file query.txt (compact mmCIF, C-alpha atoms)
# COMPACT_ATOMS: atom_id res chain seq x y z
CA MET A 1 20.53 -12.67 0.77
CA GLY A 2 21.63 -12.25 4.37
CA MET A 3 19.25 -9.34 4.80
CA LEU A 4 16.32 -11.78 4.40
CA ARG A 5 17.62 -14.23 7.00
CA ASP A 6 15.19 -12.91 9.63
CA VAL A 7 12.15 -13.02 7.32
CA PRO A 8 9.93 -16.03 8.20
CA ARG A 9 9.13 -18.55 5.50
CA THR A 10 5.44 -17.66 5.73
CA VAL A 11 6.21 -14.06 4.77
CA ARG A 12 8.28 -15.25 1.82
CA PHE A 13 5.28 -17.28 0.65
CA LEU A 14 3.04 -14.23 1.05
CA ALA A 15 5.53 -12.06 -0.84
CA PHE A 16 5.63 -14.50 -3.76
CA GLY A 17 1.83 -14.54 -3.79
CA ALA A 18 1.80 -10.72 -3.84
CA PHE A 19 4.15 -10.81 -6.83
CA LEU A 20 1.89 -13.21 -8.73
CA ASN A 21 -1.21 -11.19 -7.91
CA THR A 22 0.38 -7.89 -8.97
CA VAL A 23 1.67 -9.28 -12.26
CA VAL A 24 -1.90 -9.93 -13.41
CA SER A 25 -3.44 -6.78 -11.90
CA PHE A 26 -4.05 -5.12 -15.26
CA THR A 27 -7.51 -3.76 -14.60
CA PHE A 28 -6.78 -0.54 -12.75
CA VAL A 29 -3.95 0.35 -15.17
CA TYR A 30 -5.98 0.09 -18.36
CA LEU A 31 -9.51 0.57 -17.05
CA PHE A 32 -9.94 4.16 -18.21
CA VAL A 33 -8.55 3.37 -21.67
CA TYR A 34 -10.87 0.36 -21.89
CA LEU A 35 -13.96 2.35 -20.88
CA THR A 36 -13.34 5.22 -23.28
CA GLY A 37 -12.09 2.93 -26.08
CA PRO A 38 -13.74 -0.48 -26.63
CA ARG A 39 -16.70 0.41 -24.38
CA GLY A 40 -17.22 3.77 -26.10
CA LEU A 41 -18.03 5.71 -22.92
CA SER A 42 -17.47 9.43 -22.54
CA VAL A 43 -14.62 10.70 -20.41
CA THR A 44 -17.16 11.83 -17.82
CA GLN A 45 -18.81 8.40 -17.60
CA ALA A 46 -15.44 6.68 -17.42
CA GLY A 47 -14.36 9.08 -14.67
CA VAL A 48 -17.46 8.32 -12.60
CA ILE A 49 -17.07 4.56 -12.94
CA SER A 50 -13.35 4.74 -12.14
CA GLY A 51 -14.04 7.03 -9.20
CA ILE A 52 -16.62 4.78 -7.54
CA GLY A 53 -14.28 1.86 -8.10
CA GLY A 54 -11.56 3.80 -6.26
CA ILE A 55 -13.95 4.47 -3.39
CA GLY A 56 -14.63 0.73 -3.21
CA LEU A 57 -10.88 0.05 -3.04
CA VAL A 58 -10.36 2.51 -0.18
CA ALA A 59 -13.39 1.11 1.69
CA GLY A 60 -12.03 -2.43 1.35
CA ASN A 61 -8.69 -1.36 2.79
CA PHE A 62 -10.38 0.35 5.73
CA THR A 63 -12.58 -2.63 6.65
CA GLY A 64 -10.69 -5.75 5.55
CA GLY A 65 -8.54 -5.97 8.68
CA TRP A 66 -11.54 -5.40 10.96
CA PHE A 67 -13.27 -8.40 9.40
CA GLY A 68 -10.03 -10.37 9.65
CA ASP A 69 -9.79 -9.78 13.41
CA ARG A 70 -13.26 -11.27 13.76
CA TYR A 71 -13.21 -14.10 11.22
CA GLY A 72 -9.52 -14.76 10.53
CA HIS A 73 -7.18 -12.96 8.13
CA ARG A 74 -6.58 -16.04 5.97
CA ARG A 75 -10.32 -16.48 5.48
CA MET A 76 -10.80 -12.84 4.51
CA LEU A 77 -7.90 -12.89 2.05
CA LEU A 78 -9.28 -15.99 0.34
CA LEU A 79 -12.83 -14.62 0.27
CA GLY A 80 -11.68 -11.26 -1.11
CA ALA A 81 -9.52 -12.89 -3.79
CA CYS A 82 -12.31 -15.26 -4.88
CA VAL A 83 -14.92 -12.48 -5.10
CA SER A 84 -12.53 -10.17 -6.95
CA GLY A 85 -11.41 -12.87 -9.39
CA ALA A 86 -14.93 -14.07 -10.16
CA ALA A 87 -16.20 -10.52 -10.70
CA LEU A 88 -13.28 -9.58 -12.97
CA VAL A 89 -14.01 -12.50 -15.30
CA THR A 90 -17.56 -11.21 -15.83
CA LEU A 91 -16.69 -7.55 -16.55
CA PRO A 92 -16.25 -7.86 -20.34
CA VAL A 93 -19.77 -9.27 -20.79
CA LEU A 94 -21.58 -6.93 -18.42
CA PRO A 95 -23.74 -4.09 -19.73
CA VAL A 96 -22.57 -0.60 -18.83
CA ALA A 97 -25.15 -0.38 -16.04
CA GLY A 98 -23.64 -3.49 -14.49
CA LEU A 99 -20.21 -1.91 -14.33
CA TYR A 100 -21.49 0.67 -11.84
CA ALA A 101 -22.28 -2.14 -9.39
CA VAL A 102 -19.70 -4.84 -10.11
CA LEU A 103 -16.57 -2.71 -10.44
CA PRO A 104 -16.87 -1.20 -6.92
CA LEU A 105 -17.46 -4.74 -5.58
CA THR A 106 -14.34 -5.94 -7.38
CA GLN A 107 -12.25 -3.08 -6.02
CA TYR A 108 -13.69 -3.48 -2.54
CA ALA A 109 -12.65 -7.14 -2.55
CA SER A 110 -9.18 -6.15 -3.76
CA GLY A 111 -8.91 -3.71 -0.85
CA VAL A 112 -9.86 -6.48 1.58
CA VAL A 113 -7.09 -8.64 0.10
CA ARG A 114 -4.55 -5.85 0.55
CA ALA A 115 -5.48 -5.25 4.19
CA ALA A 116 -5.61 -8.98 4.97
CA ASN A 117 -2.20 -9.55 3.40
CA ALA A 118 -0.67 -6.79 5.55
CA ALA A 119 -2.26 -8.25 8.68
CA LEU A 120 -0.98 -11.73 7.81
CA VAL A 121 2.56 -10.36 7.53
CA ALA A 122 2.14 -8.55 10.86
CA VAL A 123 1.02 -11.66 12.77
CA SER A 124 3.86 -13.73 11.25
CA VAL A 125 6.70 -11.57 12.57
CA PRO A 126 7.61 -10.47 16.13
CA GLU A 127 7.45 -6.86 17.24
CA GLY A 128 10.55 -4.86 16.31
CA SER A 129 11.44 -7.10 13.35
CA ARG A 130 8.67 -6.37 10.89
CA GLY A 131 10.35 -3.73 8.71
CA GLN A 132 12.25 -6.17 6.52
CA SER A 133 9.18 -8.39 6.08
CA PHE A 134 7.02 -5.48 4.91
CA ALA A 135 9.88 -4.31 2.68
CA LEU A 136 10.02 -7.75 1.06
CA THR A 137 6.28 -7.78 0.31
CA ARG A 138 6.53 -4.25 -1.13
CA PHE A 139 9.53 -5.33 -3.20
CA ALA A 140 7.52 -8.27 -4.55
CA SER A 141 4.54 -6.06 -5.38
CA ASN A 142 6.72 -3.46 -7.09
CA GLY A 143 8.45 -6.22 -9.04
CA GLY A 144 5.09 -7.53 -10.19
CA PHE A 145 3.97 -4.05 -11.20
CA THR A 146 7.16 -3.66 -13.25
CA VAL A 147 6.29 -6.81 -15.21
CA GLY A 148 2.50 -6.53 -15.32
CA PRO A 149 1.66 -3.36 -17.31
CA PRO A 150 3.98 -4.15 -20.27
CA LEU A 151 2.61 -7.70 -20.31
CA GLY A 152 -0.94 -6.31 -20.22
CA ALA A 153 -0.19 -3.97 -23.12
CA LEU A 154 1.08 -6.95 -25.13
CA VAL A 155 -2.07 -8.96 -24.37
CA ALA A 156 -4.33 -6.03 -25.33
CA ALA A 157 -2.44 -5.46 -28.58
CA ARG A 158 -2.27 -9.13 -29.57
CA PHE A 159 -5.79 -10.11 -28.51
CA SER A 160 -8.18 -7.60 -26.92
CA TYR A 161 -8.86 -5.72 -23.72
CA ASP A 162 -11.41 -8.36 -22.78
CA TRP A 163 -8.55 -10.81 -22.37
CA LEU A 164 -6.99 -8.50 -19.79
CA PHE A 165 -9.96 -8.88 -17.48
CA LEU A 166 -10.08 -12.63 -18.06
CA ALA A 167 -6.36 -12.96 -17.26
CA ASP A 168 -6.69 -10.70 -14.22
CA GLY A 169 -9.65 -12.66 -12.87
CA LEU A 170 -8.15 -16.11 -13.46
CA GLY A 171 -4.81 -14.93 -12.04
CA THR A 172 -6.54 -13.65 -8.91
CA LEU A 173 -8.32 -16.98 -8.46
CA LEU A 174 -4.97 -18.74 -8.91
CA PHE A 175 -3.55 -16.45 -6.22
CA ALA A 176 -6.38 -17.54 -3.89
CA ALA A 177 -5.62 -21.21 -4.57
CA TYR A 178 -1.90 -20.63 -3.94
CA THR A 179 -2.59 -18.85 -0.63
CA ALA A 180 -4.95 -21.61 0.51
CA LYS A 181 -2.16 -24.11 -0.17
CA VAL A 182 0.71 -22.33 1.61
CA LEU A 183 -1.21 -21.05 4.68
CA PRO A 184 -2.51 -23.79 7.00
CA ALA A 185 -6.27 -23.71 7.43
CA ARG A 186 -6.32 -24.49 11.16
CA GLY A 187 -4.41 -23.83 14.33
CA THR A 188 -2.45 -20.75 13.28
CA ALA A 189 -2.60 -17.03 13.95
CA HIS A 190 -3.42 -16.65 10.24
CA SER A 191 -6.69 -18.55 10.55
CA ARG A 192 -7.82 -17.85 14.12
CA PRO A 193 -9.98 -14.81 14.85
CA SER A 194 -8.17 -12.51 17.28
CA HIS A 195 -11.09 -10.32 18.31
CA ASP A 196 -11.64 -10.23 22.08
CA PRO A 197 -15.07 -8.86 23.10
CA ALA A 198 -13.68 -8.01 26.57
CA ALA A 199 -10.77 -5.98 25.16
CA PRO A 200 -10.89 -2.18 24.84
CA ALA A 201 -12.67 -0.79 21.78
CA LEU A 202 -10.66 0.30 18.75
CA ARG A 203 -11.32 3.98 19.49
CA ARG A 204 -9.94 3.61 23.01
CA GLU A 205 -6.88 1.74 21.76
CA LEU A 206 -6.16 4.52 19.27
CA LEU A 207 -6.61 7.29 21.82
CA ALA A 208 -4.11 5.46 24.04
CA ARG A 209 -1.59 5.68 21.18
CA PRO A 210 -1.47 9.37 20.18
CA ALA A 211 1.66 8.91 18.08
CA VAL A 212 -0.24 6.42 15.89
CA LEU A 213 -3.03 8.96 15.39
CA VAL A 214 -0.49 11.62 14.41
CA LEU A 215 1.13 9.19 11.98
CA LEU A 216 -2.19 8.25 10.36
CA ALA A 217 -3.12 11.91 9.86
CA ALA A 218 0.33 12.63 8.45
CA ILE A 219 0.04 9.75 5.97
CA VAL A 220 -3.30 11.12 4.68
CA CYS A 221 -1.58 14.48 4.01
CA VAL A 222 1.50 13.00 2.40
CA ASP A 223 -0.43 10.52 0.25
CA LEU A 224 -2.49 13.39 -1.12
CA VAL A 225 0.81 15.06 -2.01
CA TYR A 226 2.67 11.95 -3.18
CA ARG A 227 -0.01 10.88 -5.66
CA GLN A 228 0.21 14.15 -7.54
CA LEU A 229 2.94 12.11 -9.21
CA TYR A 230 0.20 10.31 -11.17
CA SER A 231 -2.31 13.13 -11.65
CA THR A 232 -1.11 16.74 -11.91
CA LEU A 233 2.61 16.09 -12.44
CA PRO A 234 2.26 14.74 -16.01
CA VAL A 235 -0.03 17.69 -16.85
CA PHE A 236 2.51 20.13 -15.37
CA LEU A 237 5.37 18.54 -17.31
CA ALA A 238 3.40 18.72 -20.56
CA ASP A 239 2.62 22.40 -19.90
CA GLN A 240 6.34 22.95 -19.41
CA GLY A 241 7.09 21.38 -22.80
CA ARG A 242 8.18 17.97 -21.51
CA SER A 243 7.17 14.86 -23.47
CA THR A 244 5.25 11.83 -22.28
CA GLN A 245 8.44 9.85 -22.79
CA PHE A 246 10.25 12.12 -20.31
CA TYR A 247 7.52 11.45 -17.75
CA GLY A 248 7.87 7.72 -18.39
CA TRP A 249 11.59 7.91 -17.69
CA LEU A 250 10.91 9.68 -14.41
CA LEU A 251 8.60 6.85 -13.36
CA ALA A 252 11.29 4.36 -14.41
CA ILE A 253 13.72 6.12 -12.06
CA ASN A 254 11.20 5.79 -9.25
CA GLY A 255 10.60 2.09 -9.82
CA GLY A 256 14.24 1.23 -10.43
CA VAL A 257 15.56 2.96 -7.33
CA ILE A 258 12.88 1.35 -5.15
CA LEU A 259 13.63 -2.14 -6.46
CA CYS A 260 17.38 -1.65 -5.93
CA LEU A 261 17.43 0.13 -2.58
CA GLU A 262 14.29 -0.53 -0.52
CA LEU A 263 15.32 -3.93 0.85
CA PRO A 264 18.91 -2.86 1.68
CA ALA A 265 17.58 0.32 3.30
CA ALA A 266 15.13 -1.64 5.47
CA HIS A 267 17.96 -3.91 6.58
CA ALA A 268 20.37 -1.06 7.30
CA LEU A 269 17.80 0.97 9.26
CA ARG A 270 16.19 -1.92 11.14
CA ASN A 271 17.52 -0.73 14.52
CA ARG A 272 16.78 2.97 14.05
CA ALA A 273 13.92 4.82 15.72
CA PRO A 274 10.97 4.34 13.31
CA LEU A 275 9.29 7.72 13.74
CA SER A 276 12.58 9.44 12.98
CA ILE A 277 12.85 7.48 9.73
CA VAL A 278 9.22 8.14 8.77
CA GLY A 279 9.45 11.85 9.58
CA THR A 280 12.62 12.21 7.51
CA GLY A 281 10.96 10.40 4.61
CA LEU A 282 7.98 12.76 4.65
CA LEU A 283 10.30 15.77 4.71
CA LEU A 284 12.08 14.37 1.63
CA VAL A 285 8.73 14.07 -0.18
CA GLY A 286 8.04 17.74 0.58
CA ALA A 287 11.55 18.75 -0.47
CA GLY A 288 11.13 16.91 -3.76
CA TYR A 289 8.05 18.89 -4.73
CA ALA A 290 9.68 22.12 -3.56
CA VAL A 291 12.35 21.54 -6.21
CA LEU A 292 9.67 21.99 -8.89
CA ILE A 293 8.74 25.51 -7.76
CA PRO A 294 11.23 27.19 -10.14
CA GLY A 295 10.10 25.06 -13.10
CA ALA A 296 10.40 21.66 -14.78
CA GLY A 297 13.95 21.68 -16.11
CA ALA A 298 15.37 18.20 -16.60
CA LEU A 299 17.72 18.52 -13.63
CA PHE A 300 14.94 19.83 -11.39
CA ALA A 301 12.58 17.04 -12.42
CA VAL A 302 15.13 14.27 -11.88
CA THR A 303 16.15 15.75 -8.52
CA MET A 304 12.48 15.88 -7.54
CA MET A 305 11.99 12.21 -8.41
CA VAL A 306 15.12 11.08 -6.55
CA SER A 307 14.06 12.99 -3.42
CA LEU A 308 10.49 11.69 -3.68
CA THR A 309 11.70 8.11 -4.13
CA ALA A 310 14.12 8.36 -1.20
CA GLY A 311 11.29 9.64 0.95
CA GLU A 312 9.02 6.80 -0.17
CA ILE A 313 11.68 4.21 0.66
CA LEU A 314 12.10 5.66 4.14
CA TYR A 315 8.49 6.15 5.15
CA LYS A 316 6.28 3.50 3.55
CA THR A 317 7.55 0.22 4.97
CA THR A 318 8.70 1.81 8.22
CA ALA A 319 5.28 3.34 8.88
CA THR A 320 3.52 0.05 8.11
CA ALA A 321 5.78 -1.84 10.52
CA TYR A 322 5.43 0.85 13.20
CA VAL A 323 1.62 0.65 13.15
CA ALA A 324 1.85 -3.17 13.38
CA ASP A 325 4.25 -2.92 16.34
CA GLN A 326 1.92 -0.53 18.17
CA ALA A 327 -1.23 -2.59 17.57
CA PRO A 328 -2.68 -4.71 20.38
CA ALA A 329 -2.91 -8.37 19.44
CA HIS A 330 -6.71 -8.38 19.41
CA ALA A 331 -6.85 -5.49 16.89
CA GLN A 332 -3.84 -6.11 14.65
CA GLY A 333 -6.02 -6.34 11.56
CA SER A 334 -7.99 -3.20 12.42
CA PHE A 335 -4.78 -1.21 12.87
CA GLN A 336 -3.44 -2.52 9.57
CA SER A 337 -6.74 -1.64 7.88
CA LEU A 338 -6.53 1.92 9.16
CA TYR A 339 -3.01 2.27 7.82
CA ALA A 340 -3.85 0.56 4.53
CA GLY A 341 -6.81 2.89 4.03
CA VAL A 342 -4.99 6.13 4.74
CA SER A 343 -2.01 4.99 2.68
CA ILE A 344 -4.10 4.93 -0.50
CA SER A 345 -6.47 7.79 0.36
CA GLY A 346 -4.62 9.91 -2.18
CA GLN A 347 -6.01 7.76 -4.99
CA VAL A 348 -9.39 9.34 -4.31
CA LEU A 349 -8.29 12.75 -2.98
CA ALA A 350 -5.27 13.66 -5.09
CA PRO A 351 -6.76 13.97 -8.61
CA PRO A 352 -9.74 16.23 -7.78
CA LEU A 353 -8.01 18.41 -5.17
CA GLY A 354 -4.71 18.72 -7.01
CA GLY A 355 -6.44 19.26 -10.33
CA ALA A 356 -8.70 21.97 -8.91
CA LEU A 357 -5.76 23.82 -7.34
CA TYR A 358 -3.68 23.54 -10.51
CA ALA A 359 -6.55 24.84 -12.63
CA ALA A 360 -7.18 27.78 -10.30
CA ALA A 361 -3.61 28.75 -9.37
CA PRO A 362 -0.90 26.66 -11.08
CA ALA A 363 1.95 28.44 -9.29
CA LEU A 364 0.57 27.41 -5.88
CA LEU A 365 0.42 23.65 -6.41
CA TRP A 366 4.01 22.72 -5.61
CA PRO A 367 4.44 25.17 -2.69
CA VAL A 368 1.25 23.79 -1.12
CA CYS A 369 2.46 20.21 -1.66
CA ALA A 370 5.83 21.04 -0.10
CA VAL A 371 4.20 22.68 2.93
CA LEU A 372 1.73 19.81 3.47
CA ALA A 373 4.38 17.09 3.30
CA GLY A 374 6.86 19.13 5.31
CA GLY A 375 4.26 19.80 7.99
CA ALA A 376 3.37 16.11 8.10
CA GLY A 377 7.04 15.20 8.52
CA ALA A 378 7.51 17.75 11.31
CA ALA A 379 4.40 16.42 13.11
CA VAL A 380 5.71 12.83 13.00
CA LEU A 381 9.11 13.92 14.30
CA ALA A 382 7.39 15.79 17.14
CA ALA A 383 5.29 12.70 17.91
CA ARG A 384 8.45 10.92 19.09
CA ARG A 385 7.87 12.66 22.44
CA LEU A 386 4.46 11.07 22.90
CA ARG A 387 4.39 8.08 25.20
CA GLU A 388 2.79 4.88 23.95
CA PRO A 389 1.06 2.42 26.33
CA GLY A 390 3.63 0.35 28.18
CA LYS A 391 6.51 1.81 26.16
CA PRO A 392 9.21 4.38 26.95
CA VAL A 393 9.38 7.65 25.04
CA GLN A 394 11.12 6.95 21.74
CA THR A 395 14.60 8.40 22.03
CA GLY A 396 16.79 5.73 20.51
CA ALA A 397 16.82 2.66 18.35
CA PRO A 398 13.95 0.27 18.94
CA GLY A 399 16.02 -2.81 18.24
CA GLY A 400 13.62 -4.78 20.38
CA PRO A 401 11.44 -4.39 23.42
CA PRO A 402 12.96 -3.70 26.82
CA GLY A 403 14.49 -6.73 28.49
CA GLY A 404 15.95 -8.34 25.42
CA PRO A 405 14.92 -9.63 22.00
CA VAL A 406 11.53 -11.17 21.39
CA ARG A 407 11.50 -14.84 20.55
CA ARG A 408 10.61 -15.38 16.91
CA PRO A 409 7.11 -16.83 16.51
CA ASP A 410 6.96 -20.21 14.90
CA ALA A 411 6.58 -19.52 11.18
CA GLU A 412 4.42 -22.61 10.86
CA THR A 413 2.12 -22.13 13.85
CA GLY A 414 2.04 -18.35 13.60
CA SER A 415 2.18 -17.89 17.39
CA PRO A 416 1.43 -14.29 18.29
CA ALA A 417 4.55 -12.23 18.93
CA ARG A 418 2.97 -10.33 21.79
CA PRO A 419 0.38 -11.17 24.47
CA PRO A 420 -3.22 -10.03 24.03
CA ALA A 421 -3.93 -6.60 25.39
CA GLY A 422 -5.77 -6.51 28.67
call {"tool": "encode", "arguments": {"input": "query.txt", "output": "structure tokens"}}
result
Amino acid sequence: MGMLRDVPRTVRFLAFGAFLNTVVSFTFVYLFVYLTGPRGLSVTQAGVISGIGGIGLVAGNFTGGWFGDRYGHRRMLLLGACVSGAALVTLPVLPVAGLYAVLPLTQYASGVVRAANAALVAVSVPEGSRGQSFALTRFASNGGFTVGPPLGALVAARFSYDWLFLADGLGTLLFAAYTAKVLPARGTAHSRPSHDPAAPALRRELLARPAVLVLLAAIVCVDLVYRQLYSTLPVFLADQGRSTQFYGWLLAINGGVILCLELPAAHALRNRAPLSIVGTGLLLVGAGYAVLIPGAGALFAVTMMVSLTAGEILYKTTATAYVADQAPAHAQGSFQSLYAGVSISGQVLAPPLGGALYAAAPALLWPVCAVLAGGAGAAVLAARRLREPGKPVQTGAPGGPPGGPVRRPDAETGSPARPPAG
């Protein structure tokens, strides 16, 4: 695995932990079925509970890195995992009223874990070399998600849905114990707070990086579009006479291509200009949905999924690494939290907005999706002309900062890859 030669050992540990955690993350997959089945709730009640849980997840992503900058990313990951695991174990015995309070707490803690994990990867790898590390953690998470849902279905069928929550909670606590073991508790960038009260405020740092702001806005637009894959697309396919099995095969194409190609793509494109890669990926997402405008023929649907998946491979890890590279050392977690939050904003926005548009004007859904993603891609490509603080305008491959390669930080001590911002 020569392509992983430049990935620090700490990141490999974090990736394995992400795999373990994702394998047991059954709750969000089967939550709606559990609420409307064994719990006997109406679809409306289940939708409300699921919705407020999703809001908690997004809020955790937006704030987890901010807390990590102040108290240490390792500490926040462990705290989030312990709270999430303990709360999940209690869900089967809670009354329905308790679900309205505990489920958002559980999801919030999960969001904190996600943001903290991204920040831990960012502080473990030097600027300009983070793409492959983020690709590895995404590969591990996708691998876990490939294994987890079928395993969860087997547990639910053999035992009960209550066992899913118990397994998820205990697995999350095991993940916390594993992380505590592999990440040193003292003297590393993983455990030290990086917040500097004398440093510029987050708002000022963002305004000094207009390309980052453009990217964050573009990701909100494209995530709203991308996650139609899990909301309106299956409804559209059914209306076009396509079976649930056909939709399942489309998702299998998505997962299979990502697992096979994302790591090699990150390695092959590691020296390319990141905004060019991200912008191209967003354009491919828009092009994929444009393919559906004539209808849902098998060839159209498969072409759509291949284009969507290619776009996802190009933009997701590259955008994450780009935001990490642009972040000042004292706000690395806050920058990662912003990206983590916008990158899952579609979980809250996509179902209601896409569903409302599809109900009102079905023929407009895919053209609107194509225009939104295409516009987002064009904006990111245009943002290449914006100058970042202390950096030249992006015109070529950012193989490393000017003046030569950055020395790799010690994977054990976690030395910051860049000096604190003044």
call {"tool": "residues_around", "arguments": {"input": "query.txt", "residues": "Asn61 of chain A", "least_positions_apart": "6", "cutoff": "9 Å", "atoms": "all atoms listed in the file", "output": "PyMOL selection string"}}
result
chain A and resi 108-116+336-342+344
call {"tool": "residues_near_point", "arguments": {"input": "query.txt", "point": "(2.5, -0.3, 11.4)", "cutoff": "9 Å", "atoms": "only C-alpha atoms", "output": "PyMOL selection string"}}
result
chain A and resi 122+130-131+212+317-327+335-336+339
call {"tool": "write_last_selection", "arguments": {"input": "query.txt", "atoms": "C-alpha atoms", "output": "PDB file, in the coordinates of the input"}}
result
ATOM      1  CA  ALA A 122       2.140  -8.550  10.860  1.00  0.00           C
ATOM      2  CA  ARG A 130       8.670  -6.370  10.890  1.00  0.00           C
ATOM      3  CA  GLY A 131      10.350  -3.730   8.710  1.00  0.00           C
ATOM      4  CA  VAL A 212      -0.240   6.420  15.890  1.00  0.00           C
ATOM      5  CA  THR A 317       7.550   0.220   4.970  1.00  0.00           C
ATOM      6  CA  THR A 318       8.700   1.810   8.220  1.00  0.00           C
ATOM      7  CA  ALA A 319       5.280   3.340   8.880  1.00  0.00           C
ATOM      8  CA  THR A 320       3.520   0.050   8.110  1.00  0.00           C
ATOM      9  CA  ALA A 321       5.780  -1.840  10.520  1.00  0.00           C
ATOM     10  CA  TYR A 322       5.430   0.850  13.200  1.00  0.00           C
ATOM     11  CA  VAL A 323       1.620   0.650  13.150  1.00  0.00           C
ATOM     12  CA  ALA A 324       1.850  -3.170  13.380  1.00  0.00           C
ATOM     13  CA  ASP A 325       4.250  -2.920  16.340  1.00  0.00           C
ATOM     14  CA  GLN A 326       1.920  -0.530  18.170  1.00  0.00           C
ATOM     15  CA  ALA A 327      -1.230  -2.590  17.570  1.00  0.00           C
ATOM     16  CA  PHE A 335      -4.780  -1.210  12.870  1.00  0.00           C
ATOM     17  CA  GLN A 336      -3.440  -2.520   9.570  1.00  0.00           C
ATOM     18  CA  TYR A 339      -3.010   2.270   7.820  1.00  0.00           C
TER      19      TYR A 339
END
call {"tool": "atom_distance", "arguments": {"input": "query.txt", "atom1": "atom CA of Val257 of chain A", "atom2": "atom CA of Ala383 of chain A"}}
result
28.9 Å
call {"tool": "closest_residue", "arguments": {"input": "query.txt", "among": "A:Ala46, A:Val220, A:Tyr315, A:Ser231", "to": "Val278 of chain A", "atoms": "only C-alpha atoms"}}
result
A:Tyr315
call {"tool": "closest_residue", "arguments": {"input": "query.txt", "among": "A:Leu94, A:Val29, A:Ala273, A:Leu292", "to": "Phe145 of chain A", "atoms": "only C-alpha atoms"}}
result
A:Val29
call {"tool": "atom_distance", "arguments": {"input": "query.txt", "atom1": "atom CA of Leu173 of chain A", "atom2": "atom CA of Ser25 of chain A"}}
result
11.8 Å
call {"tool": "closest_residue", "arguments": {"input": "query.txt", "among": "A:Phe139, A:Phe62, A:Trp366, A:Phe246", "to": "Lys316 of chain A", "atoms": "all atoms listed in the file"}}
result
A:Phe139
call {"tool": "residues_around", "arguments": {"input": "query.txt", "residues": "Met76 of chain A", "least_positions_apart": "2", "cutoff": "8 Å", "atoms": "all atoms listed in the file", "output": "list in words"}}
result
Gly64, Phe67, Gly68, Tyr71, Gly72, His73, Arg74, Leu78, Leu79, Gly80, Val112, Val113 and Ala116 of chain A
call {"tool": "residues_around", "arguments": {"input": "query.txt", "residues": "Ala167 of chain A", "least_positions_apart": "2", "cutoff": "9 Å", "atoms": "only C-alpha atoms", "output": "list in words"}}
result
Val24, Ser25, Phe26, Leu88, Val89, Asp162, Trp163, Leu164, Phe165, Gly169, Leu170, Gly171 and Thr172 of chain A
call {"tool": "closest_residue", "arguments": {"input": "query.txt", "among": "A:Gly256, A:Pro264, A:Pro210, A:Pro294", "to": "Val380 of chain A", "atoms": "all atoms listed in the file"}}
result
A:Pro210
call {"tool": "closest_residue", "arguments": {"input": "query.txt", "among": "A:Val291, A:Leu136, A:Leu224, A:Met304", "to": "Leu251 of chain A", "atoms": "only C-alpha atoms"}}
result
A:Met304
call {"tool": "residues_around", "arguments": {"input": "query.txt", "residues": "Val33 of chain A", "least_positions_apart": "2", "cutoff": "12 Å", "atoms": "all atoms listed in the file", "output": "MDAnalysis selection string"}}
result
chainID A and resid 26:31 35:43 46:47 50 153 156 161
call {"tool": "atom_distance", "arguments": {"input": "query.txt", "atom1": "atom CA of Gly152 of chain A", "atom2": "atom CA of Val23 of chain A"}}
result
8.9 Å
call {"tool": "residues_around", "arguments": {"input": "query.txt", "residues": "Asp239 of chain A", "least_positions_apart": "2", "cutoff": "12 Å", "atoms": "all atoms listed in the file", "output": "list in words"}}
result
Thr232, Leu233, Pro234, Val235, Phe236, Leu237, Gly241, Arg242, Ser243, Thr244, Gly295, Ala296, Gly297, Tyr358, Ala359 and Pro362 of chain A
call {"tool": "closest_residue", "arguments": {"input": "query.txt", "among": "A:Ala331, A:Leu314, A:Leu206, A:Val83", "to": "Gly279 of chain A", "atoms": "all atoms listed in the file"}}
result
A:Leu314
